[in-house]
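Asker: Structure incoming, see below.
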Amino acid sequence: PDGPGDGPDFDTDAIQPDISPAFLSGDVPEYPDALRSHGIQGRVRVQMVVGRDGSVESASVISGSGYGAMDAAAVEAAYTYQFEPAEKQGIPVRCYATKTFVFGLH
């Protein structure tokens with residue numbers, strides 16, 4: 001354990017940043033062919049843990065579409081996301097980010 005003054009005065013795994021992570025890049029989810037060909041649309045809400053380096057450490061479905069293939073495609077896309085990391089007192093911290101992926105037929 002660090003002594004006093006050896007770093008930030010908060011837990012760097014804390015999830016309440018001063019500056020939220022900013023989305024930089026990421027892939028659009030692949031629309032599952034079987035669902036697209038049947039005209040099935042949906043939305044999947046995914047919660048991500050954005051690491052101190054801005055990469056997605058984990059992603060999980062918090063509100064699914066009801067279709068496993070669609071949910072899996074959204075999670076797969078979430079793992080390709082890259083963020084400007086969140087900050088607290090000027091130090092990069094881990095935090096949560098959520099995103100709703102919409103699968104729609106245009």
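Following the order of the structure tokens, chains are lettered A, B, ..., residues in each are numbered from 1, and ligands are numbered from 1.
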Find the residues around Ser58 (chain A) up to 6 Å (only C-alpha atoms counted), leave out those fewer than 2 positions away in its own chain, and share them as a ChimeraX atom specification.
Answerer: /A:48-49,56
Asker: Give me, as an MDAnalysis selection string, all polymer residues having an atom no more than 10 Å from region 63-80 of chain A, counting only C-alpha atoms and skipping those fewer than 2 positions away in the same chain.
Answerer: chainID A and resid 25:36 40:50 55:61 82 98:103
Asker: Between A:Gln16, A:Phe23, A:Ser37, A:Glu87, which has the minimum distance to Leu105 (chain A) (counting only C-alpha atoms)?
Answerer: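 Of A:Gln16, A:Phe23, A:Ser37, A:Glu87, the one nearest Leu105 (chain A), counting only C-alpha atoms, is A:Ser37.
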Asker: Quick one: distance from CA of Ala22 (chain A) to CA of Gln89 (chain A) in Å, one decimal?
Answerer: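 If I compute the distance from CA of Ala22 (chain A) to CA of Gln89 (chain A), I get 16.4 Å.
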Asker: Give me, please, the distance in Å between CA of Asp18 (chain A) and CA of Ile91 (chain A), quoted to one decimal.
Answerer: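 Spanning CA of Asp18 (chain A) to CA of Ile91 (chain A) is a straight-line distance of 9.7 Å.
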